[in-house]
Every structure is written in C-alpha cells, then in structure tokens.
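Visitor: For reference, this is final-v2.txt, and it has compact mmCIF, C-alpha atoms.
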# COMPACT_ATOMS: atom_id res chain seq x y z
CA MET O 63 -27.41 77.79 -17.07
CA TRP O 64 -25.54 76.81 -20.18
CA ASP O 65 -25.61 73.10 -21.13
CA ASP O 66 -23.62 71.30 -23.80
CA GLU O 67 -25.65 68.32 -25.04
CA GLN O 68 -23.72 67.69 -28.23
CA GLY O 69 -21.79 64.66 -26.77
CA ILE O 70 -24.83 62.89 -25.37
CA ASP O 71 -25.43 60.86 -28.49
CA THR O 72 -21.83 59.61 -28.56
CA VAL O 73 -21.87 58.11 -25.04
CA PRO O 74 -23.69 54.85 -25.90
CA LEU O 75 -21.46 54.32 -28.89
CA LYS O 76 -18.32 54.82 -26.79
CA LEU O 77 -19.69 52.45 -24.14
CA VAL O 78 -20.31 49.76 -26.73
CA VAL O 79 -16.80 50.17 -28.11
CA TYR O 80 -15.31 49.95 -24.64
CA LEU O 81 -17.29 46.79 -23.83
CA VAL O 82 -16.25 45.18 -27.09
CA LEU O 83 -12.59 45.97 -26.40
CA VAL O 84 -12.86 44.56 -22.86
CA GLY O 85 -14.49 41.41 -24.25
CA VAL O 86 -11.72 41.00 -26.81
CA ILE O 87 -9.07 41.40 -24.11
CA ILE O 88 -10.79 38.83 -21.87
CA ALA O 89 -11.10 36.37 -24.77
CA ILE O 90 -7.44 36.80 -25.71
CA ALA O 91 -6.45 36.29 -22.07
CA ALA O 92 -8.60 33.14 -21.79
CA VAL O 93 -7.11 31.66 -24.94
CA GLY O 94 -3.64 32.51 -23.70
CA LEU O 95 -4.25 30.88 -20.34
CA LYS O 96 -5.71 27.79 -22.00
CA ASN O 97 -2.68 27.46 -24.25
CA ALA O 98 -0.32 28.20 -21.38
CA GLY O 99 -1.74 25.37 -19.22
CA PRO O 100 -0.18 22.44 -21.09
CA GLN O 101 3.09 24.32 -21.48
CA MET O 102 3.21 25.05 -17.75
CA ASP O 103 2.43 21.42 -16.90
CA GLU O 104 5.13 20.20 -19.28
CA ALA O 105 7.64 22.66 -17.81
CA LEU O 106 6.76 21.46 -14.30
CA MET O 107 7.29 17.83 -15.26
CA GLN O 108 10.56 18.53 -17.09
CA ARG O 109 11.98 20.37 -14.08
CA GLN O 110 11.12 17.47 -11.76
CA MET O 111 12.49 14.91 -14.22
CA GLY O 112 15.83 16.72 -14.18
CA GLU O 113 15.92 16.59 -10.38
CA LEU O 114 14.95 12.89 -10.32
CA LYS O 115 17.53 11.99 -12.95
CA SER O 116 20.31 13.71 -11.00
CA SER O 117 19.23 12.22 -7.65
CA PHE O 118 18.95 8.67 -9.00
CA GLN O 119 22.45 8.99 -10.45
CA GLN O 120 23.89 10.21 -7.14
CA MET O 121 22.19 7.37 -5.25
CA GLN O 122 24.16 4.72 -7.16
CA SER O 123 27.38 5.54 -5.29
CA GLY O 124 25.78 4.89 -1.89
CA TYR O 125 25.34 1.78 0.26
CA ALA O 126 22.91 -0.87 -1.04
CA ARG O 127 20.94 -3.05 1.41
CA ASP O 128 21.46 -6.78 0.92
CA LEU O 129 18.00 -8.30 0.33
CA SER O 130 19.20 -11.72 1.48
CA ASP O 131 19.97 -10.36 4.98
CA PRO O 132 16.80 -9.46 6.92
CA TYR O 133 18.91 -7.57 9.48
CA ALA O 134 20.90 -5.49 6.99
CA PRO O 135 20.75 -1.71 7.56
CA THR O 136 18.72 0.49 5.25
CA GLY O 137 20.35 1.31 1.93
CA ASN O 138 20.96 4.77 0.50
CA ILE O 139 17.54 6.35 0.58
CA ARG O 140 15.88 9.43 -0.96
CA ASN O 141 12.38 10.84 -0.66
CA PHE O 142 10.75 12.76 -3.50
CA ASP O 143 7.67 14.98 -3.14
CA LEU O 144 6.27 14.87 -6.66
CA VAL O 145 3.98 17.71 -7.71
CA LEU O 146 1.89 16.09 -10.43
CA PRO O 147 -0.50 18.23 -12.50
CA ASP O 148 -4.13 17.27 -13.03
CA SER O 149 -3.39 16.72 -16.71
CA LEU O 150 -0.99 13.84 -15.91
CA GLU O 151 -2.32 10.47 -17.08
CA TYR O 152 0.54 8.47 -15.59
CA ILE O 153 4.20 8.48 -14.68
CA CYS O 154 6.07 5.16 -14.68
CA PHE O 155 9.47 4.48 -13.15
CA GLY O 156 11.20 1.71 -15.11
CA VAL O 157 9.25 0.89 -18.28
CA ASP O 158 6.68 2.12 -20.76
CA PRO O 159 3.40 0.86 -19.22
CA ASP O 160 1.55 1.35 -22.52
CA PRO O 161 3.92 0.03 -25.22
CA ASP O 162 1.13 -0.50 -27.76
CA ASN O 163 -0.20 3.07 -27.21
CA ASN O 164 -3.82 2.01 -26.82
CA GLY O 165 -4.33 3.90 -23.57
CA ILE O 166 -4.73 0.71 -21.50
CA LEU O 167 -2.03 0.18 -18.88
CA THR O 168 -3.05 -3.35 -17.92
CA ASP O 169 -2.88 -5.26 -21.20
CA THR O 170 0.86 -5.61 -21.91
CA PRO O 171 1.08 -9.22 -23.13
CA PRO O 172 3.67 -11.59 -21.58
CA GLY O 173 6.78 -11.90 -23.67
CA LEU O 174 6.61 -8.40 -25.16
CA GLU O 175 10.02 -6.73 -25.13
CA THR O 176 9.98 -3.97 -22.50
CA ASP O 177 12.47 -1.61 -20.90
CA ASP O 178 14.86 -2.83 -18.23
CA GLY O 179 14.42 -0.16 -15.54
CA ASN O 180 16.64 2.72 -16.68
CA VAL O 181 13.82 4.96 -17.97
CA ILE O 182 10.98 7.17 -16.75
CA TYR O 183 7.87 7.62 -18.89
CA TYR O 184 5.09 10.12 -18.35
CA LYS O 185 2.09 11.22 -20.36
CA LEU O 186 -0.01 14.38 -20.13
CA THR O 187 -3.59 14.52 -21.39
CA ASP O 188 -2.80 17.28 -23.86
CA GLY O 189 0.61 16.00 -24.89
CA SER O 190 2.47 13.00 -26.20
CA LYS O 191 4.28 10.34 -24.19
CA THR O 192 7.65 11.54 -22.88
CA LEU O 193 10.68 9.31 -22.32
CA VAL O 194 13.36 10.30 -19.81
CA LYS O 195 16.46 8.14 -20.34
CA LEU O 196 18.52 7.39 -17.24
CA ASP O 197 22.06 6.09 -16.92
CA ASN O 198 22.45 2.38 -17.68
CA SER O 199 23.66 1.79 -14.10
CA ILE O 200 20.19 2.70 -12.76
CA HIS O 201 17.62 -0.10 -12.41
CA LEU O 202 14.32 1.17 -11.03
CA ARG O 203 11.99 -1.38 -9.44
CA GLU O 204 8.59 -1.30 -7.76
CA GLY O 205 8.76 -2.41 -4.13
CA VAL O 206 6.37 -4.44 -2.01
CA PHE O 207 6.32 -4.53 1.81
CA SER O 208 6.51 -8.13 2.99
CA GLY O 209 7.78 -9.68 6.20
CA GLY O 210 8.59 -6.26 7.63
CA LEU O 211 10.93 -5.36 4.74
CA TRP O 212 10.72 -3.77 1.30
CA ALA O 213 11.68 -6.06 -1.58
CA PRO O 214 11.17 -6.03 -5.37
CA ASN O 215 7.57 -6.77 -6.33
CA VAL O 216 7.39 -9.94 -8.44
CA VAL O 217 4.27 -10.95 -10.41
CA ASP O 218 4.38 -14.21 -12.36
CA GLY O 219 8.15 -14.28 -11.94
CA LEU O 220 8.62 -10.76 -13.37
CA GLN O 221 9.82 -7.72 -11.46
CA GLN O 222 7.60 -4.67 -11.76
CA ALA O 223 7.87 -0.94 -12.44
CA LEU O 224 6.08 1.68 -10.34
CA VAL O 225 3.11 3.40 -12.01
CA ILE O 226 1.47 6.51 -10.53
CA LYS O 227 -1.72 7.50 -12.32
CA GLY O 228 -2.56 10.89 -10.83
CA GLY O 229 -2.31 13.25 -7.89
CA SER O 230 0.73 14.61 -6.12
CA GLN O 231 2.62 11.86 -4.36
CA SER O 232 5.50 11.44 -1.93
CA VAL O 233 7.70 8.50 -3.00
CA THR O 234 10.73 7.01 -1.26
CA PHE O 235 13.42 5.10 -3.16
CA GLU O 236 16.09 2.88 -1.58
CA LEU O 237 19.22 1.30 -3.02
CA VAL O 238 19.17 -2.50 -2.57
CA TYR O 239 21.33 -5.43 -3.65
CA SER O 240 20.33 -8.92 -4.78
CA ARG O 241 22.46 -11.68 -6.33
CA GLY O 242 24.90 -9.32 -8.01
CA ASP O 243 22.31 -6.74 -9.11
CA VAL O 244 21.72 -3.30 -7.58
CA TYR O 245 18.19 -1.86 -7.75
CA THR O 246 16.69 1.52 -6.92
CA LEU O 247 13.57 0.31 -5.12
CA SER O 248 10.36 2.27 -4.50
CA HIS O 249 8.72 2.10 -1.09
CA LEU O 250 5.35 2.17 -2.82
CA THR O 251 3.19 -0.44 -4.57
CA ASP O 252 0.65 0.20 -7.32
CA ASP O 253 -2.17 -1.88 -8.83
CA VAL O 254 -0.75 -2.04 -12.39
CA ASP O 255 1.32 -4.95 -13.69
CA ALA O 256 4.07 -3.19 -15.67
CA TYR O 257 6.80 -5.77 -15.91
CA ILE O 258 10.54 -5.22 -16.33
CA LYS O 259 12.40 -7.06 -19.08
CA PRO O 260 14.41 -9.96 -17.57
CA ASP O 261 18.10 -9.09 -17.32
CA ASN O 262 19.15 -12.05 -19.48
CA THR O 263 18.01 -15.44 -20.68
CA GLY O 264 20.23 -17.35 -18.26
CA GLY O 265 21.92 -20.66 -18.86
CA LEU O 266 20.43 -24.15 -18.94
CA PRO O 267 17.42 -24.90 -16.72
CA ASN O 268 18.67 -26.34 -13.45
CA GLY O 269 16.15 -25.73 -10.70
CA LEU O 270 13.05 -23.93 -9.48
CA LEU O 271 12.83 -20.79 -7.36
CA VAL O 272 9.61 -20.39 -5.35
CA SER O 273 8.51 -17.12 -3.75
CA MET O 274 5.48 -15.96 -1.72
CA GLN O 275 3.74 -12.61 -1.73
CA PRO O 276 2.95 -11.89 1.00
CA ASP O 277 4.66 -14.48 3.20
CA SER O 278 1.96 -14.26 5.87
CA VAL O 279 -1.87 -14.18 5.59
CA PRO O 280 -4.79 -14.84 7.98
CA ALA O 281 -6.04 -18.41 8.08
CA ASP O 282 -9.61 -17.49 7.19
CA GLY O 283 -9.89 -19.55 4.01
CA VAL O 284 -10.37 -16.35 2.00
CA MET O 285 -7.22 -14.25 2.08
CA ALA O 286 -4.77 -15.62 -0.47
CA ALA O 287 -1.04 -15.38 -1.09
CA ARG O 288 0.48 -15.59 -4.56
CA VAL O 289 2.89 -18.48 -5.17
CA SER O 290 5.36 -17.65 -7.96
CA VAL O 291 7.72 -20.19 -9.52
CA GLN O 292 10.69 -19.28 -11.72
CA VAL O 293 13.02 -21.60 -13.64
CA ILE O 294 16.67 -20.78 -12.81
CA ASP O 295 20.07 -21.99 -13.96
CA SER O 296 22.88 -23.33 -11.77
CA MET O 297 23.93 -19.76 -10.88
CA GLY O 298 20.44 -18.77 -9.75
CA THR O 299 19.75 -16.66 -12.85
CA ASN O 300 16.28 -16.67 -14.40
CA VAL O 301 15.91 -18.91 -17.44
CA GLN O 302 13.36 -18.22 -20.18
CA ALA O 303 12.05 -21.76 -20.46
CA GLU O 304 8.53 -21.91 -21.85
CA GLY O 305 6.13 -24.84 -21.58
CA LEU O 306 7.63 -26.68 -18.59
CA VAL O 307 5.11 -28.53 -16.44
CA ILE O 308 5.56 -27.74 -12.73
CA ASN O 309 3.74 -29.72 -10.05
CA LEU O 310 2.97 -28.01 -6.73
CA SER O 311 2.19 -29.40 -3.29
CA SER O 312 1.75 -27.81 0.12
CA SER O 313 2.08 -29.13 3.66
CA ARG O 314 -0.86 -26.96 4.75
CA GLY O 315 -3.54 -24.96 2.96
CA ASN O 316 -5.22 -25.17 -0.41
CA LEU O 317 -3.53 -24.36 -3.72
CA SER O 318 -5.83 -22.98 -6.42
CA THR O 319 -4.13 -25.40 -8.82
CA GLY O 320 -1.61 -28.17 -8.34
CA GLN O 321 0.03 -27.73 -11.73
CA ILE O 322 1.25 -24.76 -13.74
CA ILE O 323 2.94 -24.45 -17.14
CA THR O 324 5.69 -21.86 -17.49
CA ASN O 325 5.25 -18.85 -19.77
CA SER O 326 7.86 -17.44 -22.15
CA HIS O 327 9.78 -16.02 -19.18
CA GLY O 328 10.08 -19.43 -17.53
CA SER O 329 7.67 -18.56 -14.75
CA GLY O 330 4.13 -19.14 -13.54
CA SER O 331 2.01 -18.60 -10.47
CA THR O 332 -0.98 -19.70 -8.46
CA THR O 333 -2.55 -18.81 -5.10
CA ILE O 334 -2.91 -20.51 -1.73
CA THR O 335 -5.39 -20.12 1.13
CA SER O 336 -5.89 -21.93 4.43
CA GLY O 337 -8.45 -22.32 7.16
CA ASP O 338 -5.82 -23.70 9.57
CA THR O 339 -3.12 -21.70 11.31
CA GLY O 340 0.54 -22.61 11.15
CA LEU O 341 3.49 -22.73 8.79
CA SER O 342 3.10 -24.19 5.32
CA VAL O 343 5.83 -25.31 2.94
CA VAL O 344 4.97 -25.14 -0.76
CA THR O 345 7.16 -27.35 -2.97
CA ALA O 346 7.57 -27.10 -6.75
CA ARG O 347 8.79 -30.07 -8.82
CA SER O 348 9.52 -30.55 -12.51
CA ALA O 349 11.17 -33.48 -14.25
CA GLY O 350 14.94 -33.07 -14.53
CA LEU O 351 15.11 -29.96 -12.31
CA HIS O 352 16.00 -29.45 -8.66
CA ASP O 353 12.95 -28.89 -6.44
CA GLY O 354 12.15 -25.47 -5.09
CA SER O 355 10.22 -24.51 -1.96
CA ALA O 356 9.06 -21.54 0.07
CA GLU O 357 7.27 -21.03 3.37
CA ILE O 358 4.14 -19.11 4.26
CA ALA O 359 2.68 -18.46 7.71
CA PHE O 360 -1.09 -18.73 8.15
CA THR O 361 -1.82 -16.54 11.14
CA LEU O 362 -4.75 -16.33 13.51
CA PRO O 363 -7.59 -14.38 11.83
CA PRO O 364 -8.31 -11.29 13.91
CA VAL O 365 -11.77 -10.74 15.39
CA VAL O 366 -12.73 -7.05 15.29
CA LEU O 367 -15.81 -5.90 17.22
CA ASP O 368 -16.98 -2.42 16.23
CA PHE O 369 -18.81 -0.49 18.95
CA ASN O 370 -18.23 3.22 18.27
CA ASP O 371 -20.29 4.15 21.32
CA TRP O 372 -20.01 5.75 24.76
CA ILE O 373 -20.31 4.18 28.20
CA LEU O 374 -21.63 6.98 30.40
CA SER O 375 -22.14 5.25 33.76
CA SER O 376 -21.03 2.30 35.85
CA PRO O 377 -23.01 -0.99 35.89
CA GLY O 378 -26.46 -0.48 37.31
CA GLY O 379 -26.48 3.16 36.33
CA GLY O 380 -28.78 2.87 33.36
CA PRO O 381 -29.14 1.65 29.78
CA ASP O 382 -25.78 3.14 28.75
CA ASP O 383 -23.70 1.39 31.40
CA GLU O 384 -22.12 -1.34 29.24
CA LEU O 385 -21.33 -2.50 25.72
CA SER O 386 -21.53 -6.16 24.74
CA ALA O 387 -21.18 -8.29 21.62
CA ASP O 388 -21.34 -11.94 20.63
CA PHE O 389 -18.62 -13.32 18.37
CA GLU O 390 -17.32 -16.59 16.98
CA THR O 391 -13.80 -18.00 16.80
CA LYS O 392 -12.76 -20.69 14.32
CA HIS O 393 -9.67 -21.91 16.19
CA ASP O 394 -8.62 -23.02 19.65
CA ALA O 395 -5.99 -20.37 20.36
CA VAL O 396 -4.59 -17.76 22.68
CA TYR O 397 -5.91 -14.35 21.64
CA SER O 398 -4.43 -10.97 22.47
CA VAL O 399 -7.18 -8.48 23.35
CA THR O 400 -6.88 -4.74 22.63
CA LEU O 401 -9.40 -1.96 23.23
CA THR O 402 -9.24 1.11 21.00
CA GLY O 403 -10.96 4.22 22.30
CA TRP O 404 -10.58 7.23 24.59
CA GLY O 405 -11.91 8.65 27.83
CA THR O 406 -12.77 11.80 29.73
CA GLU O 407 -11.24 12.82 33.03
CA ALA O 408 -12.55 14.10 36.35
CA HIS O 409 -10.71 14.96 39.56
CA TRP O 410 -11.03 16.60 42.96
CA PRO O 411 -9.21 19.91 43.51
CA LEU O 412 -5.51 19.48 44.37
CA MET O 413 -5.80 15.76 43.61
CA PRO O 414 -4.29 13.91 40.61
CA GLU O 415 -6.59 13.69 37.62
CA GLU O 416 -8.33 10.39 37.11
CA TRP O 417 -9.51 8.99 33.79
CA ALA O 418 -12.25 6.51 32.97
CA THR O 419 -11.34 2.90 33.79
CA ALA O 420 -12.51 0.14 31.46
CA ARG O 421 -13.24 -3.44 32.55
CA MET O 422 -13.09 -6.24 29.99
CA GLU O 423 -14.98 -9.52 30.40
CA ILE O 424 -15.13 -12.49 28.00
CA ASP O 425 -17.56 -15.30 28.77
CA GLY O 426 -17.90 -13.91 32.31
CA MET O 427 -14.14 -13.98 32.93
CA ILE O 428 -12.75 -10.58 33.96
CA MET O 429 -9.55 -9.88 32.02
CA GLY O 430 -8.71 -6.79 34.07
CA ASP O 431 -9.28 -3.09 34.56
CA LYS O 432 -7.36 -0.53 32.49
CA GLU O 433 -7.32 3.26 32.77
CA ILE O 434 -8.00 4.90 29.39
CA ALA O 435 -5.77 7.90 30.04
CA SER O 436 -6.25 9.85 26.84
CA ALA O 437 -8.75 12.22 25.30
CA SER O 438 -7.79 11.02 21.82
CA LYS O 439 -7.86 7.53 20.30
CA ILE O 440 -5.36 5.06 21.81
CA ASP O 441 -4.84 1.28 21.82
CA VAL O 442 -4.94 -0.30 25.29
CA PRO O 443 -3.90 -3.97 25.58
CA PHE O 444 -5.82 -6.13 28.07
CA GLY O 445 -3.58 -9.19 27.87
CA ASN O 446 -4.09 -12.68 26.47
CA ILE O 447 -6.90 -15.21 26.85
CA LEU O 448 -7.28 -18.83 25.74
CA LEU O 449 -10.48 -19.36 23.77
CA GLY O 450 -11.84 -22.49 22.16
CA ALA O 451 -13.49 -22.57 18.76
CA GLY O 452 -17.12 -21.54 19.11
CA ASN O 453 -19.37 -18.71 20.26
CA HIS O 454 -18.35 -16.19 22.91
CA THR O 455 -19.63 -13.02 24.58
CA LEU O 456 -17.57 -9.92 25.28
CA ARG O 457 -18.62 -7.17 27.73
CA VAL O 458 -17.04 -3.77 28.40
CA THR O 459 -17.98 -1.62 31.42
CA MET O 460 -16.65 1.48 33.21
CA THR O 461 -15.81 0.97 36.88
CA ASN O 462 -15.35 4.54 38.13
CA ASP O 463 -18.27 6.67 36.95
CA PHE O 464 -18.15 10.25 38.26
CA ASN O 465 -20.18 13.30 37.34
CA VAL O 466 -20.07 16.50 39.41
CA PRO O 467 -20.55 19.95 37.86
CA LEU O 468 -17.30 21.93 37.55
CA LEU O 469 -15.22 18.93 38.65
CA GLY O 470 -15.79 16.78 35.59
CA ASP O 471 -17.56 13.80 34.09
CA ARG O 472 -15.84 10.46 33.51
CA ASN O 473 -17.02 8.71 30.37
CA LEU O 474 -15.57 5.99 28.16
CA TYR O 475 -15.72 5.82 24.37
CA VAL O 476 -15.11 2.37 22.87
CA ALA O 477 -14.32 2.39 19.16
CA THR O 478 -13.32 -1.26 18.68
CA VAL O 479 -12.14 -4.34 20.54
CA MET O 480 -9.81 -6.60 18.59
CA LEU O 481 -8.81 -10.17 19.36
CA SER O 482 -5.75 -11.24 17.40
Using structure tokens, write down the structure from this file.
Guide:
Amino acid sequence: MWDDEQGIDTVPLKLVVYLVLVGVIIAIAAVGLKNAGPQMDEALMQRQMGELKSSFQQMQSGYARDLSDPYAPTGNIRNFDLVLPDSLEYICFGVDPDPDNNGILTDTPPGLETDDGNVIYYKLTDGSKTLVKLDNSIHLREGVFSGGLWAPNVVDGLQQALVIKGGSQSVTFELVYSRGDVYTLSHLTDDVDAYIKPDNTGGLPNGLLVSMQPDSVPADGVMAARVSVQVIDSMGTNVQAEGLVINLSSSRGNLSTGQIITNSHGSGSTTITSGDTGLSVVTARSAGLHDGSAEIAFTLPPVVLDFNDWILSSPGGGPDDELSADFETKHDAVYSVTLTGWGTEAHWPLMPEEWATARMEIDGMIMGDKEIASASKIDVPFGNILLGAGNHTLRVTMTNDFNVPLLGDRNLYVATVMLS
C-alpha cells in the first residue's frame, strides 16, 4: 500500500490556527454583544417613551374624573405594560428624582426647584440620565388608593411623582380633575418621595387645608395615618408661607405632636394613632387664618387566627377532629367572622355531591354550620357575634365526616379565621 505522510506534520499547526481563529471570532462576538446590550436597552426605552408620550397626549382630550365627587365615573384611562431592562436604575413620571445627581433618590431637600409633572426621566446603569419632555398640558401625578378611590398622593403638602426602580411593570393612568387642574394620575404608589413643584405661590394666606392619608386605620394604637396641613389663599390655592405655627387637636386618638411649623411650601405634617374605635376630627388652627379640619375613621382591629391545618374527622374521631385557638379582643364590639379554607367532597352514586361542613363555636356558642363547597381557597362568612373585651376561645369542627374507598373522603382544611 502506498501512503502519503508528508502532510502529517502540518495537521497540528493547522489545528492551532483554526482554534485561534475560532477564539478570535468568539471574542469579537462577545465584545459586540456586550457593546450592543446598552444600545438595545436604550432603543427599547426610547421606543416605549414615544408610545407613552403619544398616549399621554391623546388622554388629555378625554373625560376627567372629578376628585371632589366620590361617585363620579372613572376618567379616561390607559394601561401600559412597561418592559423595563435589567440595566434600568429608575424611571420617574413627573420629575427628576435625583436632581443633585448623587445617585440617592430620597434626599431631595424641601424647597428645591423641581419639575411640574410634564416630564419623564429614566436612567440606565451604563448610560446617562434621559429627559423626555411632554406637552405642557400634561401633569403626571403619583396616585394613592384611599377611601375606595384613587387620588393624588400628598406628602407634607406636596404632590408626588411616580418612581419605578426596576423590573417590568404594568401601570394604569387615569385623567382626573381637581379645583381647576387636570392630572394624569397613576394607579400605583411607590416608596420614594419625589415631589412636584407647586403650581404657583398663591395669594395671601387665608386658611388651612387638612388632609388624611389614609382616611381609615385600625384602632390598635400602632397603625398611624399622616395628617398633612397646607396654607391656602381665599381661592383654595396653596400658599408658600414658611414659618407659620399651626396648632393641632383631635377629638379622638393621639397626635404625635400638637404643633407644627410650616416649611417653605407652606405645609407640614404629623401622624395620629388611636386605641379607640370611632370617627375622629383633627382641627388645625393658626393665628389670623381660618381653621381647617379633616376626619379619620379608627376601625375595629381585625383578629386573624392562623391554623393552616386539616380536620380529618368529626368530633370524637381522634386527635385531628378539631382546631381551636385562644384570642383576645380590646373592644366591646360586634365582630364579623370569616373562615378561609377549602374542603374535599364525597358522595353516594347517583346522589348529589356533598362537601365538608364546618361548625364554628366561640366561647361555646355555636355560630352555625357552613358547607365549604370548594376544592380551592374560599372565604366563607359565618355571620356576626357580639364579644366583650377580654379573652375568648374559638373552635372549628367538621360535622359530616365520611371516608369510604372509591366513594370519597370528606376533609376540611382551615387556613385562617378572621374576626373583623
């Protein structure tokens, strides 16, 4: 046989050359992908900013909900599914949340001149801050859900902008109306105080406007509501009156301070808690100005008993035949009792299916029997019961245990029982 061995020595050299070329190609591709990442993220944001800008502009010609009317229909509303890249540090609807460019979004000092709501700012990790200017007719505001309605979020008398700090997010905006101003309001609240520049300085100080956020909290002595006071003129416009002493009083509950001094925006705030249920009126007074007041409801603190366990048999059937818990109430009140859980079913052939039935007892008083007719979590109300302040015992049992092979096994899972 004839063999040609002349090319044997060249094979390793060719292999090395090929591997080097492949390595160079992979390195070039990696560098290209790394450089393409920020450009792709920026292109993604720019495309969405164009869509937002156009949609916000179109919204302004729609119906605006009157914030002073709790029964007014919903204003013109749009939902946006924002696809936000991992490199996004923040996007803010209304102002620049970092005007001093120190990377801290929570240290904007009071009185610093900010935007007035007709801008969007965003910042990518590998890029500079980007400003998207909107039409002057657009006034973006962060919303807060209070009293069953969305309204502009106000902190220390200043309306806020919405800040989203990362992750794709679905955001709804609604057109609302308040005292001559139209706002594009987010149905989302963040944890950053990014305040909007007051619309104007107003006229002469005339009175005080008091607001509560939220307007209802449990009367547990811990949960607090923020009481904000704003100096206004005779037309109800905010007045930038700094250094005014405002005295506060409440008909119920405890204010964290009875006196505040207004900041450069003519506003100030404190908090209020209560251990007693009922309606409280907070009144603000300052020499030479009309009093202001607002109401807050201190509601019955809920009692939540966590069980997260099964009842597998009826009373007398064994150690897993009931669930019980001791609890304490702070108030003499009528409580509404709700069981959250699910059941399993069992039935005879040709007969209607039958689910586990739960019996609720409090202090030995049977509140009733309820069928838990669901294999997934549901809330089942057991009615109301009058309880005095003090210690109580709650007991849950299953009244219709059944376990026959092929026909089924009735069991009851109790997640929680809540008294509210």
Visitor: Within 9 Å of segment 200-205 of chain O, counting all atoms listed in the file, which residues qualify if same-chain residues fewer than 6 places away don't, as a count of residues only?
Guide: 33
Visitor: Determine the nearest neighbour of Ser311 of chain O from the options O:Glu384, O:Asp353, O:Asp131, O:Asp338, counting all atoms listed in the file.
Guide: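 The closest residue to Ser311 of chain O is O:Asp353.
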Visitor: Rank O:Ser436, O:Ser278, O:Ser290, O:Ser326 by their smallest atom-to-atom distance to Ile358 of chain O, using all atoms listed in the file, and report the top residue only.
Guide: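 For Ile358 of chain O, the nearest of the candidates is O:Ser278.
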Visitor: Using only C-alpha atoms, which of O:Val366, O:Met285, O:Ala420, O:Ile153 sits nearest Thr335 of chain O?
Guide: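 Of all the options, O:Met285 lies closest to Thr335 of chain O.
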Visitor: Hey, can you check how far atom CA of Ile373 of chain O sits from atom CA of Val476 of chain O?
Guide: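 Distance reported for this atom pair: 7.7 Å.
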Visitor: Between atom CA of Ala451 of chain O and atom CA of Val284 of chain O, what is the distance, to one decimal in Å?
Guide: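 For atom CA of Ala451 of chain O relative to atom CA of Val284 of chain O, the distance reads 18.1 Å.
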Visitor: Leaving out Asn453 of chain O and any residue of its chain fewer than 5 positions from it, which residues lie within 9 Å of it when counting all atoms listed in the file, given as JSON, numbers by chain?
Guide: {"O": [388, 389, 390, 391]}
